[in-house]
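**Student:** One file is attached below, entry21.cif, containing mmCIF, C-alpha atoms and all ligand atoms.
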data_entry
loop_
_atom_site.label_atom_id
_atom_site.label_comp_id
_atom_site.auth_asym_id
_atom_site.auth_seq_id
_atom_site.Cartn_x
_atom_site.Cartn_y
_atom_site.Cartn_z
CA MET S 1 15.43 -13.57 22.66
CA ALA S 2 12.01 -12.30 21.52
CA GLN S 3 10.89 -9.11 23.22
CA PRO S 4 7.50 -9.10 24.94
CA PRO S 5 4.86 -7.42 22.77
CA ASP S 6 4.38 -3.66 23.16
CA LYS S 7 1.29 -2.44 24.90
CA HIS S 8 -0.35 0.36 23.00
CA PRO S 9 -1.04 3.25 25.37
CA ASP S 10 -4.46 3.91 23.81
CA PHE S 11 -5.78 0.49 24.60
CA THR S 12 -6.75 0.77 28.23
CA ALA S 13 -7.00 4.56 28.17
CA ASP S 14 -9.93 4.89 25.77
CA GLY S 15 -11.24 1.39 25.17
CA ALA S 16 -9.60 0.96 21.76
CA ILE S 17 -9.46 -2.69 20.86
CA LEU S 18 -7.84 -2.19 17.47
CA VAL S 19 -5.28 0.41 16.48
CA PHE S 20 -3.60 0.74 13.07
CA ASP S 21 -0.65 3.09 13.02
CA LYS S 22 0.50 4.00 9.49
CA LEU S 23 -0.22 0.48 8.34
CA CYS S 24 0.96 -0.49 4.84
CA LYS S 25 0.62 -3.66 2.77
CA ASN S 26 2.62 -4.14 -0.41
CA TYR S 27 2.85 -7.05 -2.79
CA GLN S 28 6.03 -7.57 -4.76
CA LEU S 29 5.11 -8.50 -8.32
CA GLY S 30 8.48 -9.10 -9.97
CA ALA S 31 10.25 -5.74 -10.04
CA PHE S 32 7.00 -3.90 -9.35
CA GLU S 33 5.73 -3.17 -5.87
CA LEU S 34 1.94 -3.03 -5.63
CA LYS S 35 0.91 -0.75 -2.76
CA VAL S 36 -2.40 -2.20 -1.62
CA LEU S 37 -2.78 -0.40 1.74
CA GLN S 38 -1.03 2.92 2.26
CA GLU S 39 -0.44 4.45 5.69
CA ILE S 40 -3.79 3.52 7.18
CA ASP S 41 -4.53 4.99 10.62
CA LEU S 42 -7.58 3.51 12.29
CA VAL S 43 -8.91 3.14 15.84
CA ILE S 44 -11.80 0.82 16.66
CA ARG S 45 -13.35 0.91 20.12
CA LYS S 46 -15.43 -1.70 21.87
CA GLY S 47 -18.98 -1.70 20.52
CA ASP S 48 -18.10 0.06 17.25
CA TYR S 49 -19.92 -1.07 14.14
CA LEU S 50 -17.87 -0.09 11.10
CA ALA S 51 -18.76 -0.54 7.44
CA VAL S 52 -15.88 -0.63 4.95
CA MET S 53 -16.81 0.48 1.45
CA GLY S 54 -14.81 1.15 -1.70
CA PRO S 55 -14.48 -0.03 -5.30
CA SER S 56 -13.24 -3.45 -6.30
CA GLY S 57 -9.49 -3.69 -5.77
CA SER S 58 -9.35 -0.80 -3.28
CA GLY S 59 -7.97 -3.05 -0.53
CA LYS S 60 -11.05 -3.93 1.57
CA SER S 61 -10.44 -7.67 1.85
CA THR S 62 -6.72 -7.12 2.37
CA LEU S 63 -7.58 -4.79 5.25
CA LEU S 64 -9.98 -7.33 6.74
CA ASN S 65 -7.46 -10.15 6.39
CA ILE S 66 -4.89 -8.14 8.32
CA ILE S 67 -7.44 -7.19 10.98
CA GLY S 68 -8.33 -10.88 11.25
CA CYS S 69 -4.68 -11.92 11.61
CA LEU S 70 -4.81 -13.95 8.39
CA ASP S 71 -2.10 -11.75 6.96
CA ARG S 72 0.59 -9.35 8.19
CA PRO S 73 1.26 -5.72 7.31
CA THR S 74 4.41 -4.87 5.36
CA SER S 75 5.09 -1.91 7.63
CA GLY S 76 3.36 0.11 10.33
CA LYS S 77 1.88 -1.21 13.54
CA TYR S 78 -1.24 -3.19 14.36
CA PHE S 79 -2.39 -3.50 17.97
CA LEU S 80 -5.23 -5.91 18.73
CA GLY S 81 -6.50 -6.07 22.29
CA GLY S 82 -3.53 -3.93 23.29
CA GLN S 83 -0.99 -6.35 21.88
CA ASP S 84 1.31 -5.54 18.97
CA VAL S 85 0.47 -8.29 16.48
CA SER S 86 2.26 -6.77 13.46
CA LEU S 87 5.35 -8.92 13.76
CA LEU S 88 4.02 -12.18 15.21
CA GLU S 89 5.03 -15.52 13.71
CA ASP S 90 2.36 -17.73 12.12
CA ASN S 91 1.68 -19.86 15.22
CA ASP S 92 1.24 -16.88 17.50
CA LEU S 93 -0.86 -15.09 14.89
CA SER S 94 -3.20 -18.05 14.52
CA ALA S 95 -3.52 -18.36 18.31
CA ILE S 96 -4.56 -14.68 18.48
CA ARG S 97 -6.95 -15.20 15.58
CA GLY S 98 -8.60 -18.20 17.22
CA ARG S 99 -9.03 -16.38 20.48
CA HIS S 100 -10.00 -12.87 19.41
CA VAL S 101 -11.52 -12.91 15.93
CA GLY S 102 -14.79 -14.24 14.55
CA PHE S 103 -15.20 -14.45 10.75
CA VAL S 104 -18.33 -14.40 8.63
CA PHE S 105 -17.83 -15.07 4.92
CA GLN S 106 -20.01 -14.34 1.92
CA SER S 107 -20.22 -18.06 1.12
CA PHE S 108 -20.89 -19.16 4.76
CA ASN S 109 -18.02 -21.74 4.76
CA LEU S 110 -19.82 -24.30 6.92
CA ILE S 111 -18.62 -27.90 7.05
CA SER S 112 -21.21 -29.92 5.17
CA GLN S 113 -20.64 -33.23 7.04
CA LEU S 114 -21.26 -31.61 10.43
CA ASN S 115 -24.61 -30.63 11.87
CA ILE S 116 -25.44 -27.12 13.10
CA ILE S 117 -24.29 -27.65 16.68
CA GLU S 118 -21.04 -29.27 15.54
CA ASN S 119 -20.33 -26.40 13.14
CA ILE S 120 -20.83 -23.85 15.92
CA GLU S 121 -18.60 -25.90 18.24
CA ILE S 122 -15.56 -25.88 15.92
CA PRO S 123 -13.81 -22.74 17.26
CA MET S 124 -14.38 -23.89 20.85
CA PHE S 125 -12.73 -27.22 20.09
CA TYR S 126 -9.46 -25.38 19.36
CA GLN S 127 -9.74 -23.35 22.58
CA GLY S 128 -9.89 -26.42 24.80
CA PHE S 129 -13.52 -26.13 25.97
CA SER S 130 -14.87 -29.37 27.47
CA GLU S 131 -17.43 -31.22 25.34
CA HIS S 132 -20.12 -30.34 27.85
CA GLN S 133 -19.25 -26.62 27.86
CA SER S 134 -19.02 -26.35 24.10
CA SER S 135 -22.27 -28.16 23.37
CA ALA S 136 -24.15 -26.05 25.95
CA ARG S 137 -22.70 -22.84 24.50
CA ALA S 138 -23.38 -23.95 20.90
CA GLN S 139 -27.02 -24.61 21.84
CA GLU S 140 -27.30 -21.11 23.38
CA LEU S 141 -25.77 -19.53 20.28
CA ALA S 142 -28.08 -21.52 17.98
CA GLU S 143 -30.99 -20.11 19.98
CA LEU S 144 -29.56 -16.59 19.82
CA VAL S 145 -29.57 -16.75 16.01
CA GLY S 146 -33.08 -18.28 15.92
CA LEU S 147 -32.12 -21.85 15.04
CA GLY S 148 -32.55 -23.56 18.40
CA ASP S 149 -34.94 -26.09 16.86
CA ARG S 150 -32.74 -27.00 13.86
CA THR S 151 -29.55 -28.01 15.65
CA ARG S 152 -29.33 -31.59 14.30
CA HIS S 153 -29.74 -30.53 10.69
CA ARG S 154 -26.88 -30.40 8.20
CA PRO S 155 -26.10 -27.14 6.35
CA SER S 156 -27.57 -28.51 3.08
CA GLU S 157 -30.94 -28.80 4.83
CA LEU S 158 -31.01 -25.07 5.62
CA SER S 159 -31.71 -21.98 3.51
CA GLY S 160 -28.87 -19.58 2.69
CA GLY S 161 -30.04 -17.12 5.34
CA GLN S 162 -30.18 -19.89 7.94
CA GLN S 163 -26.69 -21.06 6.97
CA GLN S 164 -25.39 -17.53 7.44
CA ARG S 165 -27.02 -17.48 10.89
CA VAL S 166 -25.05 -20.61 11.77
CA ALA S 167 -21.87 -18.93 10.50
CA ILE S 168 -22.60 -15.93 12.73
CA ALA S 169 -23.17 -18.19 15.73
CA ARG S 170 -19.86 -19.92 14.96
CA ALA S 171 -18.13 -16.53 14.73
CA LEU S 172 -19.42 -15.71 18.23
CA ALA S 173 -18.38 -19.02 19.79
CA ASN S 174 -15.21 -17.78 21.47
CA ASP S 175 -16.73 -14.45 22.47
CA PRO S 176 -14.22 -12.70 20.18
CA LEU S 177 -13.02 -9.13 20.58
CA ILE S 178 -14.09 -8.44 17.03
CA VAL S 179 -16.45 -9.96 14.44
CA LEU S 180 -15.44 -9.50 10.78
CA ALA S 181 -17.76 -10.00 7.83
CA ASP S 182 -16.82 -9.76 4.14
CA GLU S 183 -20.03 -9.17 2.12
CA PRO S 184 -22.15 -11.24 4.56
CA THR S 185 -25.37 -10.78 2.56
CA GLY S 186 -23.74 -11.04 -0.88
CA ASN S 187 -25.13 -14.55 -1.57
CA LEU S 188 -28.59 -13.97 -0.08
CA ASP S 189 -31.95 -12.87 -1.42
CA SER S 190 -33.09 -9.50 -0.11
CA GLN S 191 -35.39 -10.84 2.64
CA SER S 192 -32.72 -13.17 4.06
CA GLY S 193 -30.21 -10.33 3.75
CA LYS S 194 -32.47 -8.09 5.84
CA GLU S 195 -32.72 -10.77 8.51
CA ILE S 196 -28.94 -11.10 8.67
CA LEU S 197 -28.57 -7.32 8.97
CA ALA S 198 -31.13 -7.30 11.79
CA LEU S 199 -29.09 -9.98 13.53
CA LEU S 200 -25.90 -7.92 13.15
CA ASP S 201 -27.77 -4.85 14.49
CA ASN S 202 -28.80 -6.95 17.46
CA LEU S 203 -25.20 -8.02 18.12
CA CYS S 204 -24.15 -4.38 18.01
CA GLU S 205 -26.84 -3.55 20.58
CA ARG S 206 -25.36 -6.29 22.77
CA GLY S 207 -22.01 -4.51 22.65
CA LYS S 208 -20.23 -6.65 20.04
CA THR S 209 -17.63 -4.95 17.86
CA LEU S 210 -18.34 -5.46 14.17
CA ILE S 211 -16.54 -4.66 10.93
CA VAL S 212 -18.47 -5.37 7.74
CA ILE S 213 -17.29 -5.01 4.15
CA THR S 214 -20.03 -4.14 1.73
CA HIS S 215 -20.63 -2.62 -1.69
CA ASP S 216 -24.16 -1.69 -0.70
CA GLU S 217 -24.91 1.76 0.77
CA ASN S 218 -28.10 0.47 2.40
CA ILE S 219 -26.14 -2.16 4.27
CA ALA S 220 -23.46 0.35 5.25
CA HIS S 221 -26.19 2.52 6.77
CA HIS S 222 -26.74 -0.11 9.46
CA ALA S 223 -23.26 0.64 10.81
CA GLN S 224 -22.55 3.61 13.08
CA ARG S 225 -19.47 4.50 11.16
CA GLN S 226 -18.22 4.13 7.60
CA ILE S 227 -14.89 4.33 5.87
CA ARG S 228 -14.37 4.40 2.14
CA LEU S 229 -11.15 3.05 0.72
CA LEU S 230 -9.73 4.26 -2.54
CA ASP S 231 -6.42 2.92 -3.87
CA GLY S 232 -5.49 1.61 -0.44
CA ARG S 233 -6.11 4.83 1.46
CA ILE S 234 -9.00 5.96 3.63
CA GLU S 235 -10.53 8.46 1.25
CA LYS S 236 -13.47 9.35 3.46
CA GLU S 237 -14.67 8.54 6.96
CA TRP S 238 -17.95 9.51 8.59
CA TYR S 239 -20.52 8.60 11.24
CA ASN S 240 -24.07 7.60 10.29
CA ARG S 241 -25.39 8.55 13.73
N1 LIG S 301 -1.75 -12.18 -2.72
C1 LIG S 301 -1.76 -11.11 -3.56
N2 LIG S 301 -0.74 -10.88 -4.40
C2 LIG S 301 -0.73 -9.82 -5.21
N3 LIG S 301 -1.71 -8.88 -5.24
C3 LIG S 301 -2.77 -9.05 -4.43
C4 LIG S 301 -2.84 -10.17 -3.54
N4 LIG S 301 -4.01 -10.06 -2.83
C5 LIG S 301 -4.62 -8.94 -3.28
N5 LIG S 301 -3.87 -8.33 -4.24
C6 LIG S 301 -4.19 -7.09 -4.94
O1 LIG S 301 -4.49 -6.11 -3.96
C7 LIG S 301 -5.50 -5.22 -4.42
C8 LIG S 301 -6.62 -5.16 -3.40
O2 LIG S 301 -7.28 -6.41 -3.32
P1 LIG S 301 -8.49 -6.68 -2.34
O3 LIG S 301 -8.88 -8.12 -2.50
O4 LIG S 301 -8.14 -6.23 -0.99
O5 LIG S 301 -9.62 -5.72 -2.94
P2 LIG S 301 -11.15 -5.54 -2.52
O6 LIG S 301 -11.33 -4.09 -2.22
O7 LIG S 301 -11.51 -6.52 -1.49
O8 LIG S 301 -11.91 -5.86 -3.88
P3 LIG S 301 -13.34 -6.59 -4.13
O9 LIG S 301 -14.38 -5.55 -3.86
O10 LIG S 301 -13.26 -6.95 -5.59
O11 LIG S 301 -13.44 -7.77 -3.24
C9 LIG S 301 -5.93 -5.75 -5.78
O12 LIG S 301 -5.27 -4.99 -6.76
C10 LIG S 301 -5.44 -7.18 -5.78
O13 LIG S 301 -5.14 -7.61 -7.07
MG MG S 302 -12.82 -8.17 -1.42
#
Transcribe the structure of this file into structure tokens.
**Tutor:**
Amino acid sequence: MAQPPDKHPDFTADGAILVFDKLCKNYQLGAFELKVLQEIDLVIRKGDYLAVMGPSGSGKSTLLNIIGCLDRPTSGKYFLGGQDVSLLEDNDLSAIRGRHVGFVFQSFNLISQLNIIENIEIPMFYQGFSEHQSSARAQELAELVGLGDRTRHRPSELSGGQQQRVAIARALANDPLIVLADEPTGNLDSQSGKEILALLDNLCERGKTLIVITHDENIAHHAQRQIRLLDGRIEKEWYNR
């Protein structure tokens, strides 16, 4: 019979919502084992805003996919919200993901046939919110991201920056423990990018926990904390303030 998940002792003690303990990810390519993440130790506390930097191929997206429960580590432990999620089966992993993680992608990933409100409602649909609850919350979130007057529009009728705002509202729908963004301003012009960064700053001020992958030092400076990956290891870690 499956054992109940471990509780990580750090979780309640110091507000850690994410703990990596010697986390590794390997890919088997024929006889060759590619070591993509190597013995990563990381603790994220509520309200942290972390930027993940590093050259192409250093393991940033792999790290984010594991944090977001889209993928599993090969070895080591991952505790999210105090629960050991390193060994969960697909169904349990996707339930945790739906409940605790909000994703923002470089290419927005909105559903083109749905309007703004309907896009924001999607994660709530899977969590069993009533129609009334989810449409009220989606309206509030649309207002939070400055699109309260555009709710019946389709994504194609919005600018890139506005579409990314919708994606951020959608990521917040289930009040996740953690919001993950992989190059969230990568497809935007610089003014729209600044507006998205201001929105992320605002979420941080509201106590949201954010992890953002970026190649851009200026973007990373918005975070309180930065790590730099090199060949799957944390090469450097520092606080901006
Ligand atoms: N499914 C997979 N199978 C085999 N190798 C993979 C797989 N996914 C990623 N890799 C390899 O893992 C390494 C890290 O990839 P990852 O996508 O995490 O890098 P990244 O830091 O996000 O790079 P970029 O800045 O280009 O997005 C790369 O060498 C990549 O080829
Ligand atoms: Mg990547």
**Student:** Could you produce a table of the residues of chain S lying within 8 Å of ligand MG 302 (chain S), with the nearest pair of atoms per residue and their separation in Å rounded to one decimal, using only C-alpha atoms and all ligand atoms, ordered by chain and increasing residue number, as CSV?
**Tutor:**
residue,atom,partner,partner_atom,distance
S:Ser56,CA,S:MG302,MG,6.8
S:Gly57,CA,S:MG302,MG,7.1
S:Gly59,CA,S:MG302,MG,7.1
S:Lys60,CA,S:MG302,MG,5.5
S:Ser61,CA,S:MG302,MG,4.1
S:Thr62,CA,S:MG302,MG,7.3
S:Asp182,CA,S:MG302,MG,7.0
S:Ile213,CA,S:MG302,MG,7.8
**Student:** Show me, as a PyMOL selection string, the residues that have an atom within 10 Å of S:Val85 when counting all atoms listed in the file, minus same-chain residues fewer than 2 positions from it.
**Tutor:** chain S and resi 5-6+66-67+69+72-73+77-83+87-89+92-93+96
**Student:** Please save C-alpha atoms of the selected residues as a short mmCIF file (atom, residue, chain, number, x, y, z; two decimals), in the coordinates of the input.
**Tutor:**
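Here's the written file again.cif:
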data_model
loop_
_atom_site.label_atom_id
_atom_site.label_comp_id
_atom_site.auth_asym_id
_atom_site.auth_seq_id
_atom_site.Cartn_x
_atom_site.Cartn_y
_atom_site.Cartn_z
CA PRO S 5 4.86 -7.42 22.77
CA ASP S 6 4.38 -3.66 23.16
CA ILE S 66 -4.89 -8.14 8.32
CA ILE S 67 -7.44 -7.19 10.98
CA CYS S 69 -4.68 -11.92 11.61
CA ARG S 72 0.59 -9.35 8.19
CA PRO S 73 1.26 -5.72 7.31
CA LYS S 77 1.88 -1.21 13.54
CA TYR S 78 -1.24 -3.19 14.36
CA PHE S 79 -2.39 -3.50 17.97
CA LEU S 80 -5.23 -5.91 18.73
CA GLY S 81 -6.50 -6.07 22.29
CA GLY S 82 -3.53 -3.93 23.29
CA GLN S 83 -0.99 -6.35 21.88
CA LEU S 87 5.35 -8.92 13.76
CA LEU S 88 4.02 -12.18 15.21
CA GLU S 89 5.03 -15.52 13.71
CA ASP S 92 1.24 -16.88 17.50
CA LEU S 93 -0.86 -15.09 14.89
CA ILE S 96 -4.56 -14.68 18.48
#
**Student:** At what distance in Å, to one decimal, does atom CA of S:Gln139 lie from atom CA of S:Thr151?
**Tutor:**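 Those two atoms sit 7.5 Å apart.
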**Student:** Around ligand LIG 301 (chain S), out to 12 Å and counting only C-alpha atoms and all ligand atoms, which residues are there? I want them as a ChimeraX atom specification.
**Tutor:** /S:24-30,32-38,52-66,70-72,105-106,181-183,186,212-216,228-234
**Student:** Rounded to one decimal place, report the atom CA of S:Val101-atom CA of S:Glu205 distance in Å.
**Tutor:**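 Computing the Euclidean distance for atom CA of S:Val101 and atom CA of S:Glu205 yields 18.5 Å.
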**Student:** Need the neighbours of (-33.0, -17.1, 3.1): which residues are at most 10 Å away, counting all atoms listed in the file, as a ChimeraX atom specification?
**Tutor:** /S:158-165,185,187-196
**Student:** Restricting the calculation to all atoms listed in the file: of S:Val43, S:Gly146, S:Ala31, S:Arg154, which residue gets closest to S:Ala198?
**Tutor:**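 Closest residue, counting all atoms listed in the file: S:Gly146.
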**Student:** In Å, with one decimal, what is the gap from atom CA of S:Gly68 to atom CA of S:Asn119?
**Tutor:** 19.7 Å
**Student:** Write out as a list in words which residues come within 9 Å of S:Gly47 when counting all atoms listed in the file, dropping same-chain ones fewer than 3 positions away.
**Tutor:** Ile44, Cys204, Glu205, Arg206, Gly207, Lys208, Thr209 and Leu210 of chain S
**Student:** Identify which of the residues S:Asp84, S:Gln133, S:Asp48, S:Pro176 lies closest to S:Val19, counting only C-alpha atoms when measuring atom-to-atom distances.
**Tutor:** S:Asp84
**Student:** Residues near S:Ile117, anyone? I mean within 10 Å using all atoms listed in the file, not counting same-chain ones fewer than 6 positions away, as a PyMOL selection string.
**Tutor:** chain S and resi 134-142+147-148+150-154+166+169-170
**Student:** Any chance you can output those residues with C-alpha atoms as a PDB file, keeping the file's coordinate frame?
**Tutor:**
ATOM      1  CA  SER S 134     -19.020 -26.350  24.100  1.00  0.00           C
ATOM      2  CA  SER S 135     -22.270 -28.160  23.370  1.00  0.00           C
ATOM      3  CA  ALA S 136     -24.150 -26.050  25.950  1.00  0.00           C
ATOM      4  CA  ARG S 137     -22.700 -22.840  24.500  1.00  0.00           C
ATOM      5  CA  ALA S 138     -23.380 -23.950  20.900  1.00  0.00           C
ATOM      6  CA  GLN S 139     -27.020 -24.610  21.840  1.00  0.00           C
ATOM      7  CA  GLU S 140     -27.300 -21.110  23.380  1.00  0.00           C
ATOM      8  CA  LEU S 141     -25.770 -19.530  20.280  1.00  0.00           C
ATOM      9  CA  ALA S 142     -28.080 -21.520  17.980  1.00  0.00           C
ATOM     10  CA  LEU S 147     -32.120 -21.850  15.040  1.00  0.00           C
ATOM     11  CA  GLY S 148     -32.550 -23.560  18.400  1.00  0.00           C
ATOM     12  CA  ARG S 150     -32.740 -27.000  13.860  1.00  0.00           C
ATOM     13  CA  THR S 151     -29.550 -28.010  15.650  1.00  0.00           C
ATOM     14  CA  ARG S 152     -29.330 -31.590  14.300  1.00  0.00           C
ATOM     15  CA  HIS S 153     -29.740 -30.530  10.690  1.00  0.00           C
ATOM     16  CA  ARG S 154     -26.880 -30.400   8.200  1.00  0.00           C
ATOM     17  CA  VAL S 166     -25.050 -20.610  11.770  1.00  0.00           C
ATOM     18  CA  ALA S 169     -23.170 -18.190  15.730  1.00  0.00           C
ATOM     19  CA  ARG S 170     -19.860 -19.920  14.960  1.00  0.00           C
TER      20      ARG S 170
END
**Student:** Given only C-alpha atoms as the basis, pick out the residue of S:Thr74, S:Ser156, S:Asn202, S:Asn174 nearest to S:Glu121.
**Tutor:**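 Smallest distance to S:Glu121 is found for S:Asn174.
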**Student:** Would you compute the box with edges along x, y and z of the file around stretch 122-139 of chain S, including every atom the file lists for it and 6 Å extra on each side, and give its centre and edge lengths in Å to one decimal, as AutoDock Vina command-line options?
**Tutor:**
--center_x -18.2 --center_y -27.0 --center_z 21.9 --size_x 29.6 --size_y 20.5 --size_z 23.9
**Student:** Rank S:Leu110, S:Met124, S:Ala171, S:Leu199 by their smallest atom-to-atom distance to S:Pro155, using all atoms listed in the file, and report the top residue only.
**Tutor:** S:Leu110
**Student:** For S:Pro184, which of S:Glu143, S:Glu237, S:Leu197, S:Glu217 is the closest residue, counting all atoms listed in the file?
**Tutor:**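 Checking each candidate against S:Pro184, we get S:Leu197 as the closest.
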**Student:** Pick the closest to S:His221 from S:Ala95, S:Ile120, S:Leu50, S:Leu203: which is it, counting only C-alpha atoms?
**Tutor:**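 Closest to S:His221, using only C-alpha atoms: S:Leu50.
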**Student:** Reconstruct stretch 52-80 of chain S at the level of N, CA and C atoms, and format the result as a PDB file, in the frame of the given file.
**Tutor:**
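Output (selection.pdb):
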ATOM      1  N   VAL S  52     -16.984  -0.971   5.839  1.00  0.00           N
ATOM      2  CA  VAL S  52     -15.880  -0.630   4.950  1.00  0.00           C
ATOM      3  C   VAL S  52     -16.394  -0.711   3.515  1.00  0.00           C
ATOM      4  N   MET S  53     -16.338   0.421   2.822  1.00  0.00           N
ATOM      5  CA  MET S  53     -16.810   0.480   1.450  1.00  0.00           C
ATOM      6  C   MET S  53     -15.616   0.787   0.537  1.00  0.00           C
ATOM      7  N   GLY S  54     -15.874   0.803  -0.762  1.00  0.00           N
ATOM      8  CA  GLY S  54     -14.810   1.150  -1.700  1.00  0.00           C
ATOM      9  C   GLY S  54     -14.891   0.268  -2.924  1.00  0.00           C
ATOM     10  N   PRO S  55     -14.387   0.750  -4.062  1.00  0.00           N
ATOM     11  CA  PRO S  55     -14.480  -0.030  -5.300  1.00  0.00           C
ATOM     12  C   PRO S  55     -13.675  -1.311  -5.246  1.00  0.00           C
ATOM     13  N   SER S  56     -13.969  -2.195  -6.182  1.00  0.00           N
ATOM     14  CA  SER S  56     -13.240  -3.450  -6.300  1.00  0.00           C
ATOM     15  C   SER S  56     -11.747  -3.160  -6.451  1.00  0.00           C
ATOM     16  N   GLY S  57     -10.937  -3.870  -5.682  1.00  0.00           N
ATOM     17  CA  GLY S  57      -9.490  -3.690  -5.770  1.00  0.00           C
ATOM     18  C   GLY S  57      -8.949  -2.583  -4.880  1.00  0.00           C
ATOM     19  N   SER S  58      -9.822  -1.931  -4.101  1.00  0.00           N
ATOM     20  CA  SER S  58      -9.350  -0.800  -3.280  1.00  0.00           C
ATOM     21  C   SER S  58      -8.645  -1.249  -2.002  1.00  0.00           C
ATOM     22  N   GLY S  59      -8.732  -2.544  -1.672  1.00  0.00           N
ATOM     23  CA  GLY S  59      -7.970  -3.050  -0.530  1.00  0.00           C
ATOM     24  C   GLY S  59      -8.830  -3.508   0.647  1.00  0.00           C
ATOM     25  N   LYS S  60     -10.154  -3.602   0.453  1.00  0.00           N
ATOM     26  CA  LYS S  60     -11.050  -3.930   1.570  1.00  0.00           C
ATOM     27  C   LYS S  60     -10.751  -5.299   2.171  1.00  0.00           C
ATOM     28  N   SER S  61     -10.674  -6.314   1.323  1.00  0.00           N
ATOM     29  CA  SER S  61     -10.440  -7.670   1.850  1.00  0.00           C
ATOM     30  C   SER S  61      -9.041  -7.789   2.442  1.00  0.00           C
ATOM     31  N   THR S  62      -8.083  -7.106   1.826  1.00  0.00           N
ATOM     32  CA  THR S  62      -6.720  -7.120   2.370  1.00  0.00           C
ATOM     33  C   THR S  62      -6.726  -6.534   3.778  1.00  0.00           C
ATOM     34  N   LEU S  63      -7.462  -5.424   3.930  1.00  0.00           N
ATOM     35  CA  LEU S  63      -7.580  -4.790   5.250  1.00  0.00           C
ATOM     36  C   LEU S  63      -8.207  -5.758   6.247  1.00  0.00           C
ATOM     37  N   LEU S  64      -9.289  -6.411   5.830  1.00  0.00           N
ATOM     38  CA  LEU S  64      -9.980  -7.330   6.740  1.00  0.00           C
ATOM     39  C   LEU S  64      -9.106  -8.529   7.092  1.00  0.00           C
ATOM     40  N   ASN S  65      -8.348  -9.013   6.112  1.00  0.00           N
ATOM     41  CA  ASN S  65      -7.460 -10.150   6.390  1.00  0.00           C
ATOM     42  C   ASN S  65      -6.383  -9.786   7.398  1.00  0.00           C
ATOM     43  N   ILE S  66      -5.894  -8.560   7.331  1.00  0.00           N
ATOM     44  CA  ILE S  66      -4.890  -8.140   8.320  1.00  0.00           C
ATOM     45  C   ILE S  66      -5.558  -7.971   9.675  1.00  0.00           C
ATOM     46  N   ILE S  67      -6.730  -7.340   9.697  1.00  0.00           N
ATOM     47  CA  ILE S  67      -7.440  -7.190  10.980  1.00  0.00           C
ATOM     48  C   ILE S  67      -7.664  -8.561  11.598  1.00  0.00           C
ATOM     49  N   GLY S  68      -8.035  -9.539  10.762  1.00  0.00           N
ATOM     50  CA  GLY S  68      -8.330 -10.880  11.250  1.00  0.00           C
ATOM     51  C   GLY S  68      -7.110 -11.757  11.473  1.00  0.00           C
ATOM     52  N   CYS S  69      -5.929 -11.180  11.373  1.00  0.00           N
ATOM     53  CA  CYS S  69      -4.680 -11.920  11.610  1.00  0.00           C
ATOM     54  C   CYS S  69      -4.499 -13.095  10.653  1.00  0.00           C
ATOM     55  N   LEU S  70      -5.058 -12.961   9.444  1.00  0.00           N
ATOM     56  CA  LEU S  70      -4.810 -13.950   8.390  1.00  0.00           C
ATOM     57  C   LEU S  70      -3.591 -13.543   7.582  1.00  0.00           C
ATOM     58  N   ASP S  71      -3.207 -12.302   7.733  1.00  0.00           N
ATOM     59  CA  ASP S  71      -2.100 -11.750   6.960  1.00  0.00           C
ATOM     60  C   ASP S  71      -1.413 -10.687   7.809  1.00  0.00           C
ATOM     61  N   ARG S  72      -0.181 -10.328   7.424  1.00  0.00           N
ATOM     62  CA  ARG S  72       0.590  -9.350   8.190  1.00  0.00           C
ATOM     63  C   ARG S  72       0.813  -8.083   7.375  1.00  0.00           C
ATOM     64  N   PRO S  73       0.913  -6.938   8.055  1.00  0.00           N
ATOM     65  CA  PRO S  73       1.260  -5.720   7.310  1.00  0.00           C
ATOM     66  C   PRO S  73       2.714  -5.771   6.847  1.00  0.00           C
ATOM     67  N   THR S  74       3.016  -5.003   5.804  1.00  0.00           N
ATOM     68  CA  THR S  74       4.410  -4.870   5.360  1.00  0.00           C
ATOM     69  C   THR S  74       5.163  -3.915   6.267  1.00  0.00           C
ATOM     70  N   SER S  75       4.481  -2.842   6.671  1.00  0.00           N
ATOM     71  CA  SER S  75       5.090  -1.910   7.630  1.00  0.00           C
ATOM     72  C   SER S  75       3.974  -1.240   8.408  1.00  0.00           C
ATOM     73  N   GLY S  76       4.350  -0.504   9.441  1.00  0.00           N
ATOM     74  CA  GLY S  76       3.360   0.110  10.330  1.00  0.00           C
ATOM     75  C   GLY S  76       3.033  -0.858  11.448  1.00  0.00           C
ATOM     76  N   LYS S  77       2.193  -0.409  12.361  1.00  0.00           N
ATOM     77  CA  LYS S  77       1.880  -1.210  13.540  1.00  0.00           C
ATOM     78  C   LYS S  77       0.406  -1.582  13.569  1.00  0.00           C
ATOM     79  N   TYR S  78       0.139  -2.758  14.116  1.00  0.00           N
ATOM     80  CA  TYR S  78      -1.240  -3.190  14.360  1.00  0.00           C
ATOM     81  C   TYR S  78      -1.320  -3.721  15.784  1.00  0.00           C
ATOM     82  N   PHE S  79      -2.149  -3.056  16.596  1.00  0.00           N
ATOM     83  CA  PHE S  79      -2.390  -3.500  17.970  1.00  0.00           C
ATOM     84  C   PHE S  79      -3.798  -4.069  18.050  1.00  0.00           C
ATOM     85  N   LEU S  80      -3.915  -5.298  18.525  1.00  0.00           N
ATOM     86  CA  LEU S  80      -5.230  -5.910  18.730  1.00  0.00           C
ATOM     87  C   LEU S  80      -5.325  -6.291  20.204  1.00  0.00           C
TER      88      LEU S  80
END
